[in-house]
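> Just dropping this structure here.
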Amino acid sequence: MDTLIKKRIPVAAFATVVFAYAAAVGAYDLVISNGRVMDPETGLDKVLNVGITGDQIAKISEEPLSGDRVIDASGKVVAPGFIDPHLHGNSPMAYKLALRDGLTTAMDLEYGTLGSAVTEWYEAREGKTQLNFGTASSHELARSLVLDGVRAIDVSEAAISRTGGDGWALGAPTESELDAILQEIDRGLAAGAVALGSTVGYMPGVSAREMYEAQKVAAHRGRVSSVHTRHTPGTETTVPNGVQEVMANAAALEAPLMVMHFNNPGWELVQDLILGMRDAGLNVWGEIYPYAAGSTTLNAVFLKPEFWIEELGNRYEDTLFDPQTNSFFTEESYHEMMAKDPARGIVIYKMSAETIPHWLRMEGITMGSDGMPISSSFDWNTPYNALPNGHPRTAGARGRTLRIAREEGIPLMHVLAAMSYRPAKHLGATGLAAMDVRGRLQESMIADIVVFDPETVTDNATYAQGMLPTTGIDFVLVSGTVTVDEGRVRSKVAAGKAIRFEVDSE
């Protein structure tokens, strides 16, 4: 019997007939018909019909299905909704742009949330959020609290924590202070945070022992350590050395590890190391984003002249870009802006664009946008072109991935897996149950689904106009709810669910 029938005639003699009839003619809330259904886990790639009831995929069939609403997906791809473990933007406007880019699940597993604020962070979004949402317990913000006495909640308050003192970055904690930092991290994990989020690459004050102990706290709870590794950005030697540090810790602890955005010098070696760790049976993976430039705040320690210019041999005039003025910094203007606005968002040109297709072709790769925050002060109806300029990865990382794959002949299934199934698989392997039912286009899975035109989907965001949304993504379903409808984000739906471990009440 089909348990998804919404109406039953209370006469037992006719029950079987009624159920069979309903299954044939109208059992589903929504049907996506005639689409190219692609499931990266099983390799399914076939024109089929998808029936959805409630928040679940109830039926995938060659036979026609009937529902309360039918979306004709002829000529379109029907795929698992995209999952981004590395999106810093957690405001309604940031989520709106991400939805236009096909995203259904957004997590900030790099910067994260102050451990003791994780509960309130989730509560503030429950029932009000258009995407599935999750966060890490933040190493950086724990240091800011303990070493600078500054309490900032998440990346939206980075301008507070990163200008309220320099202990978070440079401080060498005493034994008691280190204990307090680790306890703050553990509070967030106990409250259900998905991961340890560590930006150790911004924090030269973190000793090797502290990094190990932080990963140990996460390992004790079975959580992944998601790390912006030491010496990133750096050289072909220093970047892999930073990765090797956290890999050695993960191996010793037999713990999961996510290497954040290793699309930097030395990426080829990092990929070999990741694959070797997996061959050894460890749950270790890495991510890239499809841009040659990165983005951060102006006061990042690795942008100081003594490192960026003198040690790495860069010039601000070629590499350090201000998206608000659409111009490059000079050393003079760098110092002037540091005095006025040290937490200003900037763009760093650091790699050759020719390497991007190579990154996207890598075995087992995942894609995390590293999308930047957008202030919650901007109303949901703010025109996209009225938003302050920023790195285009905030609006277009998935559209760009799909476009480059089309232009470069990279298999579509491979990049779909990078944006949906693989992050779900690795996170699910840590015990995160919400990821076991996402990232797949299969019956009984949660109906987080994206429908797009594979021939036209493209990014429109550029370094000059970074907030222009992707086009060619026609429908996005979050928990079975149509949230992007014919290319437009619906304003009055908030079907996003918390992506979170169970709370430890002890």
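Residues in the structure tokens are numbered from 1 in each chain, the chains being A, B, ... in the order shown, and ligands are numbered from 1 in the order shown.
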Check the DSSP output for the backbone and give back, as a PyMOL selection string, the residues of range 67-224 of chain A in helix (DSSP H, G or I).
chain A and resi 92-100+115-125+139-148+155-161+167-170+175-190+200-202+208-220
> Distance table requested - range 55-152 of chain A against range 399-419 of chain A, cut-off 6 Å, only C-alpha atoms: one row per qualifying residue with the closest atom pair and its distance in Å to one decimal, ordered by chain and rising residue number, as a Markdown table.

```
| residue | atom | partner | partner_atom | distance |
| --- | --- | --- | --- | --- |
| A:Phe82 | CA | A:Met419 | CA | 5.2 |
| A:Ile83 | CA | A:Met419 | CA | 5.9 |
| A:Asp101 | CA | A:Gly399 | CA | 6.0 |
```
> So which residues touch range 227-241 of chain A within 9 Å, counting only C-alpha atoms, skipping near sequence neighbours fewer than 6 positions away, as an MDAnalysis selection string?
chainID A and resid 109:111 196:204 257:262 264:267 269:270 273 302 308 312 350
> Please provide the set of residues having any atom within 6 Å of range 56-73 of chain A, restricted to only C-alpha atoms, with same-chain residues fewer than 2 positions apart removed, written as a list in words.
Val25, Gly26, Tyr28, Asp29, Leu30, Val31, Ile32, Ser33, Asn34, Gly35, Leu48, Asn49, Val50, Gly51, Ile52, Thr53, Gly54, Lys76, Glu443, Ser444, Met445, Ile446 and Ala447 of chain A
> Residues at most 12 Å from Leu303 in chain A, counting only C-alpha atoms, excluding those fewer than 6 positions away in the same chain, as a ChimeraX atom specification?
/A:201-202,231-234,295-297,309-316,319-321,329,331,334-335,338,342,346-350
> Store the residues picked out above, limited to C-alpha atoms, as an mmCIF file, in the first residue's frame.

```
data_model
loop_
_atom_site.group_PDB
_atom_site.id
_atom_site.type_symbol
_atom_site.label_atom_id
_atom_site.label_comp_id
_atom_site.auth_asym_id
_atom_site.auth_seq_id
_atom_site.Cartn_x
_atom_site.Cartn_y
_atom_site.Cartn_z
ATOM 1 C CA GLY A 201 45.779 30.463 8.944
ATOM 2 C CA TYR A 202 44.821 33.864 10.382
ATOM 3 C CA HIS A 231 50.383 29.308 5.806
ATOM 4 C CA THR A 232 47.360 29.755 3.513
ATOM 5 C CA PRO A 233 47.896 31.606 1.270
ATOM 6 C CA GLY A 234 51.581 30.843 0.943
ATOM 7 C CA SER A 295 38.587 37.352 -0.398
ATOM 8 C CA THR A 296 39.160 38.300 3.214
ATOM 9 C CA THR A 297 39.475 41.330 5.468
ATOM 10 C CA ILE A 309 55.428 41.815 -0.391
ATOM 11 C CA GLU A 310 58.809 41.049 1.159
ATOM 12 C CA GLU A 311 58.480 37.294 1.709
ATOM 13 C CA LEU A 312 56.123 36.216 -1.090
ATOM 14 C CA GLY A 313 57.238 38.835 -3.621
ATOM 15 C CA ASN A 314 53.766 40.162 -4.443
ATOM 16 C CA ARG A 315 52.728 43.730 -5.229
ATOM 17 C CA TYR A 316 49.565 45.278 -3.850
ATOM 18 C CA THR A 319 46.998 41.507 -6.219
ATOM 19 C CA LEU A 320 45.064 43.496 -3.602
ATOM 20 C CA PHE A 321 41.732 44.754 -4.958
ATOM 21 C CA PHE A 329 45.672 49.157 -3.433
ATOM 22 C CA GLU A 331 51.294 50.183 -0.220
ATOM 23 C CA TYR A 334 46.884 49.943 2.169
ATOM 24 C CA HIS A 335 48.266 51.680 5.269
ATOM 25 C CA MET A 338 44.206 49.951 7.617
ATOM 26 C CA PRO A 342 40.924 47.446 8.995
ATOM 27 C CA ILE A 346 38.945 42.933 -0.108
ATOM 28 C CA VAL A 347 39.785 40.609 -3.009
ATOM 29 C CA ILE A 348 43.186 38.908 -3.389
ATOM 30 C CA TYR A 349 44.441 37.772 -6.779
ATOM 31 C CA LYS A 350 46.666 34.782 -6.051
#
```
